[in-house]
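Student: Sending over input_18.txt (compact mmCIF, C-alpha atoms).
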# COMPACT_ATOMS: atom_id res chain seq x y z
CA MET A 1 -48.56 -6.78 -56.10
CA LYS A 2 -50.25 -7.65 -52.83
CA PRO A 3 -48.20 -7.87 -49.60
CA TYR A 4 -49.37 -11.49 -49.05
CA GLU A 5 -49.87 -13.38 -52.24
CA ILE A 6 -49.75 -16.64 -54.16
CA VAL A 7 -48.35 -16.10 -57.65
CA THR A 8 -47.88 -18.18 -60.76
CA GLU A 9 -45.22 -16.06 -62.48
CA PRO A 10 -41.51 -15.87 -61.55
CA ILE A 11 -40.91 -13.88 -58.35
CA ASP A 12 -38.91 -10.65 -58.44
CA PRO A 13 -37.72 -10.37 -54.80
CA GLN A 14 -36.80 -6.72 -55.13
CA ARG A 15 -40.44 -5.72 -55.39
CA TYR A 16 -41.13 -7.15 -51.95
CA ALA A 17 -38.03 -5.53 -50.44
CA ASP A 18 -39.13 -2.21 -51.92
CA TYR A 19 -42.60 -2.64 -50.49
CA VAL A 20 -41.37 -3.03 -46.89
CA LEU A 21 -38.69 -0.34 -47.06
CA ARG A 22 -39.66 2.98 -45.46
CA PRO A 23 -37.80 5.90 -43.88
CA GLU A 24 -38.04 4.58 -40.32
CA ALA A 25 -36.61 1.17 -41.29
CA GLY A 26 -32.88 0.69 -40.74
CA ALA A 27 -32.93 -2.98 -41.76
CA VAL A 28 -34.54 -5.15 -44.39
CA THR A 29 -34.12 -8.93 -44.38
CA LEU A 30 -34.97 -10.61 -47.65
CA PHE A 31 -35.26 -14.40 -47.69
CA THR A 32 -35.67 -16.32 -50.91
CA GLY A 33 -36.32 -20.06 -50.88
CA HIS A 34 -35.17 -21.85 -54.04
CA VAL A 35 -35.80 -25.16 -55.74
CA ARG A 36 -32.95 -27.46 -54.73
CA GLU A 37 -31.65 -30.16 -57.04
CA TRP A 38 -30.43 -32.67 -54.44
CA THR A 39 -32.46 -33.78 -51.41
CA ARG A 40 -31.46 -36.79 -49.30
CA GLY A 41 -29.23 -37.94 -52.15
CA ILE A 42 -32.04 -37.92 -54.71
CA ARG A 43 -31.92 -35.71 -57.74
CA THR A 44 -35.00 -33.55 -58.31
CA LEU A 45 -35.80 -32.62 -61.91
CA TYR A 46 -38.35 -29.97 -61.00
CA LEU A 47 -41.02 -29.22 -58.41
CA ALA A 48 -44.74 -28.72 -58.75
CA TYR A 49 -46.45 -26.60 -56.10
CA GLU A 50 -50.18 -26.50 -55.50
CA ALA A 51 -52.11 -24.27 -53.08
CA TYR A 52 -55.57 -23.65 -51.74
CA VAL A 53 -55.10 -20.11 -52.94
CA PRO A 54 -57.69 -18.02 -51.05
CA MET A 55 -56.90 -19.75 -47.76
CA ALA A 56 -53.16 -19.63 -48.37
CA GLU A 57 -53.28 -15.86 -48.90
CA LYS A 58 -55.36 -15.48 -45.73
CA MET A 59 -52.84 -17.56 -43.77
CA LEU A 60 -49.91 -15.51 -45.11
CA ALA A 61 -51.70 -12.35 -43.96
CA LYS A 62 -52.31 -14.00 -40.58
CA ILE A 63 -48.57 -14.68 -40.26
CA GLY A 64 -47.98 -11.02 -41.10
CA ALA A 65 -50.39 -9.98 -38.34
CA GLU A 66 -48.63 -12.28 -35.87
CA ILE A 67 -45.30 -10.70 -36.78
CA GLU A 68 -46.69 -7.22 -36.37
CA GLN A 69 -47.83 -8.19 -32.88
CA LYS A 70 -44.59 -9.94 -31.84
CA TRP A 71 -42.25 -7.36 -33.37
CA PRO A 72 -44.14 -4.06 -33.38
CA GLY A 73 -43.03 -1.62 -36.00
CA THR A 74 -42.01 -4.25 -38.56
CA ARG A 75 -43.49 -4.42 -42.03
CA THR A 76 -43.73 -7.75 -43.85
CA ALA A 77 -44.44 -8.99 -47.37
CA ILE A 78 -44.60 -12.66 -48.39
CA ALA A 79 -45.17 -14.34 -51.75
CA HIS A 80 -45.21 -18.01 -52.68
CA ARG A 81 -45.18 -19.27 -56.22
CA ILE A 82 -47.18 -22.28 -57.43
CA GLY A 83 -47.08 -24.35 -60.61
CA GLU A 84 -43.99 -26.02 -62.06
CA LEU A 85 -40.68 -24.58 -60.88
CA LYS A 86 -37.22 -25.38 -62.23
CA ILE A 87 -34.05 -25.92 -60.21
CA GLY A 88 -32.83 -22.63 -58.76
CA GLU A 89 -36.08 -20.75 -59.21
CA ILE A 90 -37.58 -18.85 -56.30
CA ALA A 91 -40.48 -20.61 -54.58
CA VAL A 92 -40.95 -18.19 -51.71
CA VAL A 93 -39.87 -14.66 -50.79
CA ILE A 94 -40.15 -13.06 -47.35
CA ALA A 95 -39.24 -9.41 -46.83
CA VAL A 96 -39.28 -7.82 -43.37
CA SER A 97 -38.21 -4.33 -42.42
CA SER A 98 -37.60 -3.01 -38.92
CA ALA A 99 -35.88 -0.12 -37.21
CA HIS A 100 -33.00 -2.35 -36.10
CA ARG A 101 -31.71 -5.58 -37.65
CA LYS A 102 -32.51 -8.05 -34.86
CA ASP A 103 -36.28 -7.79 -35.30
CA ALA A 104 -36.06 -8.16 -39.07
CA TYR A 105 -33.90 -11.31 -38.80
CA GLU A 106 -36.06 -12.94 -36.14
CA ALA A 107 -39.37 -12.09 -37.78
CA ASN A 108 -38.17 -13.37 -41.13
CA GLU A 109 -37.22 -16.77 -39.71
CA TYR A 110 -40.50 -16.91 -37.80
CA ALA A 111 -42.37 -16.36 -41.07
CA ILE A 112 -40.81 -19.34 -42.88
CA GLU A 113 -41.39 -21.63 -39.89
CA ARG A 114 -45.07 -20.61 -39.75
CA ILE A 115 -45.46 -21.07 -43.50
CA LYS A 116 -44.31 -24.67 -43.09
CA GLU A 117 -46.86 -25.26 -40.32
CA LEU A 118 -49.89 -23.38 -41.47
CA VAL A 119 -50.16 -22.37 -45.09
CA PRO A 120 -52.01 -24.79 -47.41
CA ILE A 121 -49.31 -25.20 -50.04
CA TRP A 122 -48.03 -28.59 -51.21
CA LYS A 123 -44.85 -29.53 -53.00
CA LYS A 124 -44.44 -32.47 -55.34
CA GLU A 125 -40.93 -33.60 -56.18
CA ILE A 126 -40.46 -34.95 -59.69
CA TRP A 127 -37.45 -37.24 -60.17
CA GLU A 128 -36.20 -39.24 -63.09
CA ASN A 129 -38.02 -42.38 -61.93
CA GLY A 130 -40.98 -41.18 -59.92
CA THR A 131 -42.81 -38.48 -58.04
CA GLU A 132 -43.76 -37.80 -54.45
CA TRP A 133 -46.01 -35.37 -52.61
CA ILE A 134 -43.94 -34.09 -49.73
CA GLY A 135 -45.58 -34.07 -46.30
CA ASP A 136 -44.77 -32.23 -43.11
CA GLN A 137 -41.24 -30.83 -43.27
CA ARG A 138 -41.06 -29.04 -39.98
CA GLY A 139 -37.76 -29.82 -38.36
CA LYS A 140 -36.45 -32.09 -41.09
CA PRO A 141 -32.77 -31.76 -41.96
CA GLU A 142 -31.92 -30.17 -45.28
CA THR A 143 -35.12 -28.19 -45.51
CA ASP A 144 -34.98 -24.46 -45.78
CA SER A 145 -35.56 -24.15 -42.05
CA GLY A 146 -32.38 -26.15 -41.46
CA GLN A 147 -33.30 -27.94 -38.25
CA ALA A 148 -32.65 -31.54 -37.38
CA ASP A 149 -35.46 -33.75 -35.99
CA PRO A 150 -37.24 -36.36 -38.05
CA ALA A 151 -40.72 -35.20 -38.98
CA PRO A 152 -43.44 -36.54 -36.68
CA PHE A 153 -45.63 -37.74 -39.52
CA PRO A 154 -44.35 -37.97 -43.07
CA PRO A 155 -47.36 -39.51 -44.84
CA LYS A 156 -45.71 -39.88 -48.18
CA THR A 157 -47.70 -40.96 -51.17
CA ARG A 158 -44.93 -42.41 -53.26
CA ARG A 159 -45.81 -43.45 -56.74
CA GLU A 160 -43.51 -44.95 -59.33
CA LEU A 161 -43.91 -43.81 -62.89
CA PRO A 162 -44.73 -46.52 -65.44
CA MET B 1 -75.25 -28.85 -49.30
CA ILE B 2 -71.57 -28.26 -48.61
CA THR B 3 -68.62 -28.23 -51.00
CA LEU B 4 -65.63 -30.46 -50.26
CA TYR B 5 -62.15 -29.77 -51.63
CA TYR B 6 -59.32 -32.27 -51.97
CA PHE B 7 -55.73 -31.22 -52.53
CA ALA B 8 -52.37 -32.70 -53.50
CA GLY B 9 -52.08 -36.43 -52.70
CA LEU B 10 -55.72 -36.56 -51.57
CA ARG B 11 -56.86 -35.14 -54.91
CA GLU B 12 -54.85 -37.77 -56.76
CA ALA B 13 -55.97 -40.62 -54.49
CA THR B 14 -59.68 -39.74 -54.74
CA GLY B 15 -59.50 -38.63 -58.37
CA THR B 16 -61.59 -35.66 -57.25
CA ALA B 17 -60.75 -32.00 -56.73
CA GLN B 18 -64.16 -31.07 -55.35
CA GLU B 19 -67.58 -32.51 -54.74
CA GLN B 20 -70.89 -31.64 -53.09
CA ALA B 21 -72.23 -33.52 -50.08
CA GLU B 22 -75.26 -33.24 -47.84
CA LEU B 23 -73.36 -32.83 -44.60
CA GLU B 24 -75.01 -29.75 -43.12
CA GLY B 25 -75.59 -30.20 -39.41
CA ARG B 26 -72.73 -32.71 -39.16
CA THR B 27 -69.49 -32.08 -37.30
CA VAL B 28 -66.02 -31.95 -38.81
CA ASP B 29 -65.31 -35.37 -37.28
CA GLU B 30 -68.42 -36.76 -38.93
CA LEU B 31 -67.34 -35.24 -42.21
CA LEU B 32 -64.06 -37.17 -41.92
CA ASP B 33 -66.01 -40.36 -41.22
CA TRP B 34 -68.07 -39.71 -44.36
CA VAL B 35 -64.87 -39.29 -46.40
CA ARG B 36 -63.31 -42.43 -44.86
CA HIS B 37 -66.42 -44.39 -45.73
CA LYS B 38 -66.50 -43.14 -49.31
CA TYR B 39 -62.73 -43.57 -49.89
CA PRO B 40 -61.63 -46.44 -47.63
CA HIS B 41 -58.10 -46.48 -49.08
CA LEU B 42 -57.36 -42.87 -48.04
CA SER B 43 -54.99 -42.16 -45.19
CA LEU B 44 -56.46 -39.26 -43.19
CA ASP B 45 -54.27 -39.55 -40.10
CA ALA B 46 -52.53 -36.22 -40.38
CA VAL B 47 -55.23 -34.43 -42.36
CA ARG B 48 -56.70 -31.21 -41.02
CA VAL B 49 -60.00 -29.72 -42.12
CA ALA B 50 -60.55 -26.09 -43.02
CA VAL B 51 -64.09 -24.74 -43.07
CA ASN B 52 -64.61 -21.55 -45.05
CA GLU B 53 -60.82 -21.14 -45.32
CA GLU B 54 -60.09 -21.37 -41.58
CA TYR B 55 -58.77 -24.42 -39.72
CA ALA B 56 -61.70 -26.05 -37.92
CA LEU B 57 -62.03 -28.09 -34.71
CA PRO B 58 -63.38 -31.67 -34.64
CA ASP B 59 -66.64 -30.58 -33.00
CA ASP B 60 -67.32 -27.62 -35.29
CA ARG B 61 -70.65 -28.04 -37.06
CA LEU B 62 -71.15 -27.55 -40.79
CA ARG B 63 -73.82 -25.31 -42.24
CA SER B 64 -75.39 -25.28 -45.65
CA GLY B 65 -73.20 -23.42 -48.14
CA ASP B 66 -69.97 -24.05 -46.22
CA THR B 67 -66.82 -25.08 -48.01
CA ALA B 68 -64.74 -27.74 -46.29
CA ALA B 69 -61.22 -28.47 -47.44
CA LEU B 70 -59.18 -31.52 -46.50
CA ILE B 71 -55.68 -30.25 -45.82
CA PRO B 72 -52.95 -32.90 -45.93
CA PRO B 73 -49.65 -32.00 -44.23
CA VAL B 74 -48.41 -28.85 -45.89
CA SER B 75 -45.00 -28.48 -47.53
CA GLY B 76 -44.64 -24.90 -48.67
CA GLY B 77 -41.36 -22.98 -48.55
Show how you would write the structure in this file as structure tokens.
Tutor:
Amino acid sequence: MKPYEIVTEPIDPQRYADYVLRPEAGAVTLFTGHVREWTRGIRTLYLAYEAYVPMAEKMLAKIGAEIEQKWPGTRTAIAHRIGELKIGEIAVVIAVSSAHRKDAYEANEYAIERIKELVPIWKKEIWENGTEWIGDQRGKPETDSGQADPAPFPPKTRRELP
Amino acid sequence: MITLYYFAGLREATGTAQEQAELEGRTVDELLDWVRHKYPHLSLDAVRVAVNEEYALPDDRLRSGDTAALIPPVSGG
């Protein structure tokens, strides 16, 4: 495994936790983001993720470098899966270790917020009666980040299936 | 010659994942104008451009051999 990677196979979060664990770390936070069945009252059958892989891996590493600068002494690993994912499967894993828990919690949340701003990965929701590429999710309710403003620009390309 | 990449909804709307274009010497803004002209139905309002896998500024100039990717709003996580 690489510490910052885009993968196509199911994610085993333990590998990333193991990677960041070291003797000087007293805390590891491990975040896994999963495919959710219900969003805004609409039932998702599955998700399809696409990425600009080389740039996405660069951007994940950049987020890791930002974390290292903001919370010195942390170690981070991030993986995002692409392709078709079923309900409940892991789309993203973020592992951060630090000497004390506060840094690991804060840095982990920072990582998911930056992923949603920066990393060229796109999610398509597939429902029973249509599909939709999902746009900017920063600050939307019911996203993994759990905040509550409407997105500034949700350019949705909604398309009904025949 | 530069290589253009289209992703997600832009790939579906253009029917193209990548194409070549003679845009060396042009700016990123001019590249977007070129795309708008070729695909008038595309909405590029919130689209960012990455040149050689780094987000670029509107005035950045393209050089031969560059790759330029149109990045619609991202939705990872």
Student: I'd like a table as a Markdown table: residues in chain B with an atom no more than 10 Å from chain A, each row giving the shortest atom pair and its distance in Å to one decimal, only C-alpha atoms counted, sorted by chain and rising residue number.
Tutor:
| residue | atom | partner | partner_atom | distance |
| --- | --- | --- | --- | --- |
| B:Tyr5 | CA | A:Tyr52 | CA | 9.0 |
| B:Tyr6 | CA | A:Tyr52 | CA | 9.4 |
| B:Phe7 | CA | A:Tyr52 | CA | 7.6 |
| B:Ala8 | CA | A:Trp122 | CA | 6.4 |
| B:Gly9 | CA | A:Trp133 | CA | 6.2 |
| B:Leu10 | CA | A:Thr157 | CA | 9.2 |
| B:Glu12 | CA | A:Thr157 | CA | 9.6 |
| B:Ala13 | CA | A:Thr157 | CA | 8.9 |
| B:Ser43 | CA | A:Pro155 | CA | 8.1 |
| B:Leu44 | CA | A:Pro155 | CA | 9.3 |
| B:Asp45 | CA | A:Pro155 | CA | 8.4 |
| B:Ala46 | CA | A:Phe153 | CA | 7.1 |
| B:Val47 | CA | A:Pro155 | CA | 9.7 |
| B:Ala50 | CA | A:Met55 | CA | 8.7 |
| B:Val51 | CA | A:Met55 | CA | 9.9 |
| B:Asn52 | CA | A:Met55 | CA | 8.4 |
| B:Glu53 | CA | A:Met55 | CA | 4.8 |
| B:Glu54 | CA | A:Met55 | CA | 7.1 |
| B:Tyr55 | CA | A:Leu118 | CA | 9.1 |
| B:Ala69 | CA | A:Tyr52 | CA | 8.6 |
| B:Leu70 | CA | A:Pro120 | CA | 9.9 |
| B:Ile71 | CA | A:Pro120 | CA | 6.8 |
| B:Pro72 | CA | A:Gly135 | CA | 7.5 |
| B:Pro73 | CA | A:Asp136 | CA | 5.0 |
| B:Val74 | CA | A:Trp122 | CA | 5.3 |
| B:Ser75 | CA | A:Trp122 | CA | 4.8 |
| B:Gly76 | CA | A:Ile121 | CA | 4.9 |
| B:Gly77 | CA | A:Val92 | CA | 5.8 |
Student: So the first atom is atom CA of Gly41 of chain A and the second is atom CA of Leu85 of chain A; what is the distance between them in Å, to one decimal place?
Tutor: 19.6 Å
Student: Would you mind listing what lies within 12 Å of Asp33 of chain B as a PyMOL selection string, with all atoms listed in the file counted and same-chain residues fewer than 5 positions away left out?
Tutor: chain B and resi 23+26-28+38-40+42-45+58
Student: Keeping only C-alpha atoms, take the residues you just selected and write them out as a compact mmCIF listing (two decimals), in the frame of the given file.
Tutor:
# COMPACT_ATOMS: atom_id res chain seq x y z
CA LEU B 23 -73.36 -32.83 -44.60
CA ARG B 26 -72.73 -32.71 -39.16
CA THR B 27 -69.49 -32.08 -37.30
CA VAL B 28 -66.02 -31.95 -38.81
CA LYS B 38 -66.50 -43.14 -49.31
CA TYR B 39 -62.73 -43.57 -49.89
CA PRO B 40 -61.63 -46.44 -47.63
CA LEU B 42 -57.36 -42.87 -48.04
CA SER B 43 -54.99 -42.16 -45.19
CA LEU B 44 -56.46 -39.26 -43.19
CA ASP B 45 -54.27 -39.55 -40.10
CA PRO B 58 -63.38 -31.67 -34.64
Student: For a cut-off of 7 Å around (-44.3, -4.3, -44.8), file coordinates, pick out all residues using all atoms listed in the file and list them as a ChimeraX atom specification.
Tutor: /A:19-20,74-77,96-97
Student: Between A:Ala111, A:Ile6, A:Glu68, A:Gly88, which is the closest to Trp38 of chain A once you count only C-alpha atoms?
Tutor: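 That would be A:Gly88, the residue with the smallest distance to Trp38 of chain A.
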Student: Separation of atom CA of Gly15 of chain B and atom CA of Ile87 of chain A, in Å?
Tutor: 28.5 Å
Student: If you measure from atom CA of Trp71 of chain A to atom CA of Met1 of chain A, what distance in Å do you get, rounded to one decimal?
Tutor: 23.6 Å
Student: Counting all atoms listed in the file, I want the residues whose atoms come within 12 Å of (-35.5, 2.9, -44.8) in the file frame, returned as a PDB file with C-alpha atoms, in the coordinates of the input.
Tutor:
ATOM      1  CA  ALA A  17     -38.030  -5.530 -50.440  1.00  0.00           C
ATOM      2  CA  ASP A  18     -39.130  -2.210 -51.920  1.00  0.00           C
ATOM      3  CA  TYR A  19     -42.600  -2.640 -50.490  1.00  0.00           C
ATOM      4  CA  VAL A  20     -41.370  -3.030 -46.890  1.00  0.00           C
ATOM      5  CA  LEU A  21     -38.690  -0.340 -47.060  1.00  0.00           C
ATOM      6  CA  ARG A  22     -39.660   2.980 -45.460  1.00  0.00           C
ATOM      7  CA  PRO A  23     -37.800   5.900 -43.880  1.00  0.00           C
ATOM      8  CA  GLU A  24     -38.040   4.580 -40.320  1.00  0.00           C
ATOM      9  CA  ALA A  25     -36.610   1.170 -41.290  1.00  0.00           C
ATOM     10  CA  GLY A  26     -32.880   0.690 -40.740  1.00  0.00           C
ATOM     11  CA  ALA A  27     -32.930  -2.980 -41.760  1.00  0.00           C
ATOM     12  CA  VAL A  28     -34.540  -5.150 -44.390  1.00  0.00           C
ATOM     13  CA  THR A  29     -34.120  -8.930 -44.380  1.00  0.00           C
ATOM     14  CA  THR A  74     -42.010  -4.250 -38.560  1.00  0.00           C
ATOM     15  CA  ARG A  75     -43.490  -4.420 -42.030  1.00  0.00           C
ATOM     16  CA  VAL A  96     -39.280  -7.820 -43.370  1.00  0.00           C
ATOM     17  CA  SER A  97     -38.210  -4.330 -42.420  1.00  0.00           C
ATOM     18  CA  SER A  98     -37.600  -3.010 -38.920  1.00  0.00           C
ATOM     19  CA  ALA A  99     -35.880  -0.120 -37.210  1.00  0.00           C
ATOM     20  CA  HIS A 100     -33.000  -2.350 -36.100  1.00  0.00           C
ATOM     21  CA  ARG A 101     -31.710  -5.580 -37.650  1.00  0.00           C
TER      22      ARG A 101
END
